[in-house]
file entry-v2.cif (mmCIF, C-alpha atoms and all ligand atoms)
data_protein
loop_
_atom_site.label_atom_id
_atom_site.label_comp_id
_atom_site.auth_asym_id
_atom_site.auth_seq_id
_atom_site.Cartn_x
_atom_site.Cartn_y
_atom_site.Cartn_z
CA MET A 1 -35.53 -33.81 11.00
CA LYS A 2 -32.44 -35.51 9.68
CA ARG A 3 -32.01 -32.72 7.15
CA ASP A 4 -32.18 -30.07 9.88
CA ARG A 5 -29.40 -31.77 11.69
CA VAL A 6 -27.22 -31.87 8.59
CA THR A 7 -27.80 -28.15 7.92
CA GLU A 8 -27.02 -27.34 11.50
CA GLN A 9 -23.82 -29.38 11.37
CA LYS A 10 -22.77 -27.55 8.21
CA LYS A 11 -23.22 -24.22 9.92
CA LEU A 12 -21.00 -25.21 12.81
CA GLY A 13 -17.27 -24.76 12.40
CA LEU A 14 -14.90 -27.65 12.75
CA TRP A 15 -14.31 -27.08 16.43
CA GLY A 16 -18.04 -26.81 17.05
CA ARG A 17 -18.55 -30.10 15.30
CA LEU A 18 -15.71 -31.75 17.19
CA LYS A 19 -17.22 -30.64 20.48
CA ARG A 20 -20.63 -31.79 19.46
CA LEU A 21 -19.65 -35.34 18.54
CA ALA A 22 -20.28 -38.13 20.97
CA LEU A 23 -18.84 -35.76 23.52
CA THR A 24 -22.10 -34.75 25.06
CA ASP A 25 -20.21 -34.01 28.21
CA VAL A 26 -17.36 -31.78 27.07
CA GLY A 27 -15.21 -33.05 29.91
CA ALA A 28 -15.23 -36.45 28.24
CA MET A 29 -12.97 -35.07 25.59
CA VAL A 30 -10.14 -34.51 28.01
CA ARG A 31 -10.83 -37.51 30.22
CA GLY A 32 -10.54 -39.89 27.34
CA PHE A 33 -12.12 -41.08 24.15
CA ASN A 34 -13.64 -44.44 23.60
CA ALA A 35 -13.20 -46.23 20.29
CA ALA A 36 -16.50 -44.91 18.90
CA ASP A 37 -15.57 -41.30 19.76
CA LEU A 38 -12.25 -41.70 18.01
CA GLU A 39 -13.89 -43.11 14.93
CA ALA A 40 -16.34 -40.23 14.87
CA VAL A 41 -13.50 -37.69 15.13
CA GLU A 42 -11.68 -39.43 12.32
CA ARG A 43 -14.76 -39.35 10.12
CA LEU A 44 -15.25 -35.68 10.86
CA LEU A 45 -11.69 -34.80 9.85
CA LEU A 46 -12.03 -36.77 6.62
CA GLU A 47 -15.33 -35.01 5.87
CA ALA A 48 -13.58 -31.69 6.42
CA ASP A 49 -11.16 -32.68 3.61
CA PHE A 50 -8.05 -33.17 5.70
CA GLY A 51 -7.26 -36.29 3.68
CA VAL A 52 -6.00 -39.57 5.07
CA PRO A 53 -2.36 -38.69 5.87
CA ALA A 54 -3.16 -35.47 7.78
CA THR A 55 -6.13 -37.12 9.51
CA MET A 56 -3.95 -40.00 10.70
CA ASP A 57 -1.39 -37.53 11.94
CA LEU A 58 -3.97 -35.55 13.94
CA MET A 59 -5.55 -38.73 15.29
CA ALA A 60 -2.14 -39.85 16.57
CA VAL A 61 -1.78 -36.50 18.37
CA LEU A 62 -5.24 -36.93 19.92
CA GLU A 63 -4.76 -40.53 21.01
CA ASP A 64 -1.31 -39.88 22.39
CA GLY A 65 -2.45 -36.82 24.33
CA VAL A 66 -5.44 -38.62 25.81
CA ARG A 67 -3.32 -41.61 26.82
CA ARG A 68 -0.82 -39.39 28.58
CA GLY A 69 -3.51 -37.27 30.18
CA ARG A 70 -1.90 -34.19 28.65
CA TRP A 71 -4.94 -31.95 28.64
CA LYS A 72 -6.60 -30.41 31.60
CA SER A 73 -9.26 -28.65 29.60
CA GLU A 74 -10.96 -28.44 26.29
CA ALA A 75 -8.93 -25.31 25.53
CA ASP A 76 -5.68 -27.28 25.98
CA LEU A 77 -6.88 -29.82 23.47
CA ARG A 78 -7.84 -27.14 20.99
CA GLU A 79 -4.41 -25.51 21.34
CA ALA A 80 -2.71 -28.88 20.78
CA LEU A 81 -4.64 -29.38 17.55
CA ILE A 82 -3.91 -25.82 16.41
CA ASP A 83 -0.19 -26.38 17.11
CA ARG A 84 -0.08 -29.56 15.13
CA ILE A 85 -2.07 -28.19 12.19
CA ALA A 86 0.20 -25.13 12.11
CA GLU A 87 3.23 -27.49 12.05
CA LEU A 88 1.71 -29.48 9.21
CA LEU A 89 1.14 -26.26 7.28
CA ALA A 90 4.45 -24.57 7.97
CA PRO A 91 6.62 -23.98 4.94
CA PRO A 92 10.14 -25.38 5.29
CA VAL A 93 11.61 -21.88 4.94
CA GLY A 94 10.70 -18.37 3.94
CA SER A 95 7.47 -16.48 3.84
CA GLY A 96 4.64 -15.78 1.46
CA GLU A 97 6.39 -12.96 -0.34
CA ILE A 98 7.36 -13.31 -3.99
CA VAL A 99 10.96 -14.35 -4.54
CA ARG A 100 12.79 -11.59 -6.45
CA ALA A 101 15.19 -11.95 -9.34
CA ALA A 102 18.78 -11.09 -8.42
CA ALA A 103 18.78 -8.54 -11.27
CA GLY A 104 16.24 -7.48 -13.86
CA PRO A 105 12.55 -8.25 -13.86
CA THR A 106 11.08 -10.99 -11.69
CA VAL A 107 8.92 -13.37 -13.70
CA VAL A 108 5.96 -15.03 -11.99
CA LEU A 109 4.14 -17.79 -13.84
CA VAL A 110 0.58 -18.43 -12.68
CA MET A 111 -0.85 -21.82 -13.64
CA GLY A 112 -3.60 -24.30 -12.83
CA VAL A 113 -6.69 -26.05 -14.14
CA ASN A 114 -9.69 -24.28 -15.69
CA GLY A 115 -11.64 -21.77 -13.67
CA VAL A 116 -9.68 -22.03 -10.40
CA GLY A 117 -9.03 -18.28 -10.29
CA LYS A 118 -5.70 -17.79 -12.09
CA THR A 119 -6.58 -14.54 -13.86
CA THR A 120 -8.18 -13.04 -10.75
CA THR A 121 -5.10 -14.09 -8.78
CA VAL A 122 -2.82 -12.34 -11.29
CA ALA A 123 -4.83 -9.14 -10.73
CA LYS A 124 -4.68 -9.58 -6.95
CA LEU A 125 -0.92 -10.18 -7.02
CA ALA A 126 -0.44 -7.12 -9.24
CA HIS A 127 -2.43 -4.99 -6.80
CA ARG A 128 -0.48 -6.33 -3.83
CA LEU A 129 2.87 -5.71 -5.52
CA GLN A 130 1.80 -2.18 -6.49
CA GLY A 131 1.00 -1.57 -2.85
CA GLN A 132 4.59 -2.55 -2.07
CA GLY A 133 5.87 0.03 -4.52
CA ARG A 134 6.59 -2.45 -7.31
CA THR A 135 6.01 -1.82 -10.98
CA VAL A 136 4.07 -4.56 -12.68
CA LEU A 137 3.38 -5.74 -16.20
CA LEU A 138 0.87 -8.42 -17.13
CA ALA A 139 1.38 -11.02 -19.85
CA ALA A 140 -1.79 -12.40 -21.42
CA ALA A 141 -0.38 -15.84 -22.20
CA ASP A 142 -3.84 -17.41 -22.18
CA THR A 143 -4.30 -17.29 -25.92
CA TRP A 144 -6.51 -20.36 -25.75
CA ARG A 145 -9.83 -19.34 -24.28
CA ALA A 146 -11.94 -16.83 -26.16
CA GLY A 147 -12.21 -13.69 -24.07
CA ALA A 148 -9.21 -14.46 -21.86
CA ILE A 149 -7.07 -11.66 -23.31
CA ALA A 150 -9.86 -9.11 -22.94
CA GLN A 151 -10.48 -10.26 -19.34
CA LEU A 152 -6.85 -9.59 -18.40
CA GLU A 153 -6.83 -6.28 -20.28
CA VAL A 154 -9.83 -5.14 -18.25
CA TRP A 155 -7.94 -5.91 -15.05
CA ALA A 156 -4.83 -4.15 -16.38
CA ALA A 157 -6.84 -1.01 -17.18
CA ARG A 158 -8.47 -1.08 -13.76
CA LEU A 159 -5.12 -1.44 -12.03
CA GLY A 160 -3.39 1.04 -14.33
CA VAL A 161 -0.71 -1.40 -15.43
CA HIS A 162 0.55 -2.35 -18.87
CA CYS A 163 -0.60 -5.61 -20.44
CA VAL A 164 1.25 -7.40 -23.22
CA SER A 165 -0.87 -9.66 -25.37
CA GLY A 166 -0.61 -11.44 -28.68
CA ALA A 167 -3.11 -12.79 -31.16
CA ALA A 168 -5.83 -15.15 -29.99
CA GLY A 169 -4.65 -18.67 -30.69
CA GLY A 170 -1.02 -17.50 -30.80
CA ASP A 171 2.00 -18.92 -29.02
CA PRO A 172 1.85 -18.26 -25.25
CA ALA A 173 5.64 -18.56 -24.95
CA ALA A 174 6.03 -15.74 -27.48
CA VAL A 175 3.66 -13.53 -25.44
CA ALA A 176 5.60 -14.24 -22.23
CA PHE A 177 8.88 -13.51 -24.04
CA ASP A 178 7.56 -10.22 -25.46
CA ALA A 179 6.28 -9.23 -22.03
CA LEU A 180 9.69 -9.90 -20.50
CA GLU A 181 11.36 -7.86 -23.26
CA ALA A 182 8.91 -5.02 -22.62
CA ALA A 183 9.60 -5.17 -18.88
CA ILE A 184 13.36 -5.03 -19.48
CA ALA A 185 12.94 -2.09 -21.88
CA ARG A 186 10.64 -0.18 -19.51
CA GLY A 187 12.51 -1.05 -16.35
CA THR A 188 9.42 -2.74 -14.92
CA ASP A 189 10.36 -4.97 -12.01
CA THR A 190 7.72 -7.71 -12.14
CA VAL A 191 6.07 -9.65 -14.96
CA LEU A 192 2.98 -11.66 -14.03
CA VAL A 193 2.17 -14.30 -16.62
CA ASP A 194 -1.46 -15.41 -16.84
CA THR A 195 -1.82 -18.81 -18.52
CA ALA A 196 -4.68 -20.87 -19.91
CA GLY A 197 -6.45 -23.39 -17.71
CA ARG A 198 -5.33 -26.93 -18.47
CA LEU A 199 -5.50 -30.44 -17.16
CA HIS A 200 -2.43 -32.52 -16.48
CA THR A 201 -3.79 -35.05 -18.99
CA GLN A 202 -3.55 -32.51 -21.83
CA GLU A 203 0.06 -33.32 -22.61
CA GLY A 204 0.23 -30.82 -25.50
CA LEU A 205 -0.88 -28.02 -23.15
CA MET A 206 1.47 -29.13 -20.38
CA GLU A 207 4.34 -29.07 -22.88
CA GLU A 208 3.23 -25.57 -23.87
CA LEU A 209 3.54 -24.51 -20.22
CA ARG A 210 7.03 -26.02 -19.96
CA LYS A 211 7.92 -24.11 -23.12
CA VAL A 212 6.77 -20.80 -21.58
CA ALA A 213 9.11 -21.51 -18.65
CA ARG A 214 12.02 -22.47 -20.94
CA VAL A 215 11.65 -19.45 -23.19
CA VAL A 216 11.60 -16.86 -20.39
CA GLY A 217 14.46 -18.77 -18.74
CA ARG A 218 16.60 -18.27 -21.83
CA ARG A 219 15.97 -14.51 -21.84
CA ALA A 220 16.49 -14.00 -18.10
CA PRO A 221 18.50 -16.48 -16.04
CA GLY A 222 16.45 -18.00 -13.24
CA ALA A 223 13.09 -17.06 -14.81
CA PRO A 224 10.38 -17.92 -14.03
CA HIS A 225 11.40 -17.02 -10.49
CA GLU A 226 8.08 -18.28 -9.25
CA ALA A 227 5.69 -20.84 -10.71
CA LEU A 228 2.57 -20.52 -8.62
CA LEU A 229 -0.04 -23.24 -8.85
CA VAL A 230 -3.57 -21.99 -8.20
CA LEU A 231 -6.01 -24.50 -6.68
CA ASP A 232 -9.69 -24.15 -5.86
CA GLY A 233 -10.09 -24.76 -2.13
CA THR A 234 -13.76 -25.65 -2.39
CA VAL A 235 -13.28 -28.88 -4.31
CA GLY A 236 -11.70 -30.69 -1.36
CA GLN A 237 -9.83 -33.86 -2.17
CA ASN A 238 -10.18 -33.17 -5.90
CA ALA A 239 -7.85 -30.21 -5.43
CA VAL A 240 -5.30 -32.52 -3.84
CA GLN A 241 -5.50 -34.91 -6.76
CA GLN A 242 -5.34 -32.07 -9.32
CA GLY A 243 -2.43 -30.49 -7.52
CA ARG A 244 -0.47 -33.70 -7.30
CA LEU A 245 -0.83 -34.51 -10.99
CA PHE A 246 -0.17 -30.94 -12.09
CA ALA A 247 2.95 -30.72 -9.93
CA GLU A 248 4.30 -33.86 -11.58
CA ALA A 249 4.15 -32.10 -14.96
CA VAL A 250 5.48 -28.66 -13.93
CA GLN A 251 7.07 -28.22 -10.51
CA PRO A 252 5.47 -25.29 -8.67
CA THR A 253 7.39 -23.09 -6.24
CA GLY A 254 4.23 -22.46 -4.27
CA LEU A 255 0.48 -22.90 -4.04
CA ILE A 256 -2.30 -20.36 -3.95
CA VAL A 257 -5.58 -21.73 -2.65
CA THR A 258 -8.62 -19.74 -3.81
CA LYS A 259 -12.31 -19.42 -2.97
CA LEU A 260 -11.77 -19.93 0.72
CA ASP A 261 -14.27 -17.22 1.53
CA GLY A 262 -17.27 -18.61 3.26
CA THR A 263 -16.39 -22.28 3.25
CA ALA A 264 -15.88 -24.46 6.28
CA ARG A 265 -13.96 -27.00 4.23
CA GLY A 266 -10.52 -25.55 4.80
CA GLY A 267 -9.17 -28.99 5.71
CA ALA A 268 -8.19 -29.31 2.05
CA VAL A 269 -5.49 -26.73 2.67
CA VAL A 270 -3.88 -29.02 5.25
CA ALA A 271 -4.19 -31.98 2.90
CA LEU A 272 -2.62 -30.00 0.06
CA ARG A 273 0.35 -28.98 2.17
CA ARG A 274 0.81 -32.47 3.61
CA GLU A 275 0.40 -34.38 0.37
CA LEU A 276 2.02 -32.08 -2.20
CA GLY A 277 5.03 -30.96 -0.21
CA VAL A 278 4.81 -27.47 -1.78
CA PRO A 279 4.46 -24.43 0.49
CA ILE A 280 1.17 -22.56 0.46
CA ARG A 281 1.91 -18.91 -0.23
CA PHE A 282 -1.38 -17.07 -0.48
CA LEU A 283 -5.08 -17.65 0.04
CA GLY A 284 -7.81 -16.19 -2.14
CA ARG A 285 -10.76 -15.06 -0.07
CA GLY A 286 -13.00 -13.33 -2.56
CA GLU A 287 -13.26 -11.85 -6.02
CA GLY A 288 -11.82 -8.40 -5.33
CA VAL A 289 -8.20 -7.30 -5.70
CA ASP A 290 -7.80 -6.99 -1.94
CA ASP A 291 -8.96 -10.54 -1.30
CA LEU A 292 -5.54 -12.15 -1.33
CA VAL A 293 -3.78 -12.83 1.96
CA PRO A 294 -0.29 -14.19 2.56
CA PHE A 295 -0.60 -17.60 4.07
CA ASP A 296 0.08 -17.78 7.80
CA PRO A 297 0.00 -21.38 9.10
CA ARG A 298 -0.86 -20.46 12.68
CA ASP A 299 -3.55 -17.96 11.74
CA PHE A 300 -5.06 -20.48 9.40
CA ALA A 301 -5.02 -23.28 12.00
CA ARG A 302 -6.76 -20.90 14.44
CA HIS A 303 -9.29 -19.91 11.85
CA LEU A 304 -9.97 -23.59 11.10
CA LEU A 305 -10.60 -24.40 14.75
CA ALA A 306 -12.28 -21.12 15.62
CA ASP A 307 -14.38 -21.43 18.76
CA GLU A 308 -17.66 -19.79 17.85
CA GLY A 309 -18.96 -20.54 21.29
N1 LIG B 401 -15.35 -16.41 -4.16
C1 LIG B 401 -14.21 -16.36 -4.83
N2 LIG B 401 -14.25 -16.37 -6.16
C2 LIG B 401 -13.08 -16.33 -6.83
C3 LIG B 401 -11.82 -16.29 -6.16
N3 LIG B 401 -10.86 -16.27 -7.10
C4 LIG B 401 -11.51 -16.29 -8.30
N4 LIG B 401 -12.84 -16.32 -8.16
C5 LIG B 401 -13.89 -16.35 -9.20
O1 LIG B 401 -13.76 -17.55 -9.93
C6 LIG B 401 -14.15 -17.33 -11.28
C7 LIG B 401 -13.01 -17.77 -12.20
O2 LIG B 401 -11.93 -16.91 -12.00
P1 LIG B 401 -10.78 -16.69 -13.09
O3 LIG B 401 -9.76 -15.84 -12.46
O4 LIG B 401 -11.34 -16.24 -14.39
O5 LIG B 401 -10.26 -18.19 -13.23
P2 LIG B 401 -9.17 -18.77 -14.23
O6 LIG B 401 -8.43 -19.83 -13.52
O7 LIG B 401 -8.37 -17.67 -14.80
O8 LIG B 401 -10.11 -19.42 -15.34
P3 LIG B 401 -9.66 -19.91 -16.82
O9 LIG B 401 -8.74 -18.88 -17.37
O10 LIG B 401 -10.95 -20.05 -17.57
O11 LIG B 401 -9.00 -21.25 -16.63
C8 LIG B 401 -14.46 -15.85 -11.41
O12 LIG B 401 -15.85 -15.69 -11.30
C9 LIG B 401 -13.75 -15.24 -10.21
O13 LIG B 401 -14.36 -14.05 -9.78
C10 LIG B 401 -11.82 -16.31 -4.71
O14 LIG B 401 -10.79 -16.32 -4.04
N5 LIG B 401 -13.06 -16.35 -4.11
MG MG B 402 -7.98 -17.15 -16.76
#
call {"tool": "encode", "arguments": {"input": "entry-v2.cif", "output": "structure tokens", "more": "lines below"}}
Ligand SMILES: Nc1nc2c(ncn2[C@@H]2O[C@H](COP(=O)(O)OP(=O)(O)OP(=O)(O)O)[C@@H](O)[C@H]2O)c(=O)[nH]1
Ligand SMILES: [Mg+2]
result
Amino acid sequence: MKRDRVTEQKKLGLWGRLKRLALTDVGAMVRGFNAADLEAVERLLLEADFGVPATMDLMAVLEDGVRRGRWKSEADLREALIDRIAELLAPPVGSGEIVRAAAGPTVVLVMGVNGVGKTTTVAKLAHRLQGQGRTVLLAAADTWRAGAIAQLEVWAARLGVHCVSGAAGGDPAAVAFDALEAAIARGTDTVLVDTAGRLHTQEGLMEELRKVARVVGRRAPGAPHEALLVLDGTVGQNAVQQGRLFAEAVQPTGLIVTKLDGTARGGAVVALRRELGVPIRFLGRGEGVDDLVPFDPRDFARHLLADEG
């Protein structure tokens, strides 16, 4: 019986679960919450991976609105939450598109911990850029994991783009440098650098990543023009912790949150934005090359609080 209830709760979206709470009479939500209702809402937001800071922020919006009698209907309340979540997610400036080099090839470094979806994301970005008329070259700078070079080469062949790789176990910075040289020689406008998965605690590997950035920066001023940190959206608060520690080692210009297909735990995206202070640029929503969408704060907030009826 208890298990059925848990399964049922999992199936409901966040808005469904909010409505279902102690708020047996939906009107109660707009008339006012009692302390137990508020606690239940708070717990629900934490369970949905919003994290403490974003949860506190949303609770303040709720309490304030209820006190002032701001909402006439459930729909008003939902809109207020969507507005605030969209604000929390909004990048300070700019959009999801890749920042371009002023001249010469644009270098995009893709980094993150093991298995989050870096290589797949490189392929998705390549496909997206091709669709925008860009020419792309891949750099197989994951010389660490057996099979990593072959994996990227398969993507390159599928996409019909050139891939520069070195020897397994070789220097990733040298591969990135060679790829940049090749892009300059061929007039290719974007170099996407795939890197090995690593943990922030692996200081040697973090230094290696900083070296990749330094080496391309010496060949082309301003490179890497983007350092995109890929995070797995399904691991909730762990992603926040990973992201925070990773960002301390190598400052990202943006985040890409992957594996958000078919999970109701999108609250982690809000937590990441709130706690890392780095704009979210794209979301990964599947394993195919088309499953990368530019991040839109308002769309995402709506999606998170979708009213499935
Ligand atoms: N469902 C889903 N799966 C994804 C997504 N992105 C990547 N994957 C899958 O996650 C697995 C790991 O993806 P990779 O791209 O190899 O991850 P990686 O970060 O390069 O892994 P390492 O190089 O080993 O650190 C693969 O099975 C991908 O198909 C996504 O957005 N949604
Ligand atoms: Mg990889």
call {"tool": "atom_distance", "arguments": {"input": "entry-v2.cif", "atom1": "CA of Leu209 in chain A", "atom2": "CA of Val113 in chain A"}}
result
12.0 Å
call {"tool": "residues_near_ligand", "arguments": {"input": "entry-v2.cif", "ligand": "ligand MG 402 (chain B)", "cutoff": "6 Å", "atoms": "only C-alpha atoms and all ligand atoms", "output": "number ranges by chain"}}
result
A: 118-119, 148, 196
call {"tool": "residues_near_ligand", "arguments": {"input": "entry-v2.cif", "ligand": "ligand LIG 401 (chain B)", "cutoff": "8 Å", "atoms": "all atoms listed in the file", "output": "PyMOL selection string"}}
result
chain A and resi 111-122+142+145+148+151+194-198+230+257-262+283-288+291-292
call {"tool": "closest_residue", "arguments": {"input": "entry-v2.cif", "among": "A:Asp171, A:Val216, A:Pro297, A:Ala268", "to": "Leu88 in chain A", "atoms": "all atoms listed in the file"}}
result
A:Pro297
call {"tool": "residues_around", "arguments": {"input": "entry-v2.cif", "residues": "Val154 in chain A", "least_positions_apart": "3", "cutoff": "12 Å", "atoms": "all atoms listed in the file", "output": "JSON, numbers by chain"}}
result
{"A": [119, 120, 123, 138, 140, 147, 148, 149, 150, 151, 157, 158, 159, 160, 161, 162, 163]}
call {"tool": "residues_around", "arguments": {"input": "entry-v2.cif", "residues": "Phe50 in chain A", "least_positions_apart": "4", "cutoff": "7 Å", "atoms": "only C-alpha atoms", "output": "number ranges by chain"}}
result
A: 45-46, 54-55, 267-268, 270-271
call {"tool": "residues_near_point", "arguments": {"input": "entry-v2.cif", "point": "(0.9, -18.0, -25.7)", "cutoff": "9 Å", "atoms": "only C-alpha atoms", "output": "NGL selection string"}}
result
:A and (140-144 or 165-176 or 195-196 or 208-209 or 212)
call {"tool": "closest_residue", "arguments": {"input": "entry-v2.cif", "among": "A:Lys124, A:Met59, A:Ala80, A:Leu276", "to": "Ala40 in chain A", "atoms": "all atoms listed in the file"}}
result
A:Met59
call {"tool": "closest_residue", "arguments": {"input": "entry-v2.cif", "among": "A:Thr106, A:Ala227, A:Phe246, A:Gln237", "to": "Pro53 in chain A", "atoms": "all atoms listed in the file"}}
result
A:Gln237
call {"tool": "atom_distance", "arguments": {"input": "entry-v2.cif", "atom1": "CA of Trp15 in chain A", "atom2": "CA of Pro279 in chain A"}}
result
24.8 Å
call {"tool": "closest_residue", "arguments": {"input": "entry-v2.cif", "among": "A:Gly16, A:Gly254, A:Gly51, A:Gly187", "to": "His225 in chain A", "atoms": "only C-alpha atoms"}}
result
A:Gly254
call {"tool": "atom_distance", "arguments": {"input": "entry-v2.cif", "atom1": "CA of His200 in chain A", "atom2": "CA of Leu109 in chain A"}}
result
16.3 Å
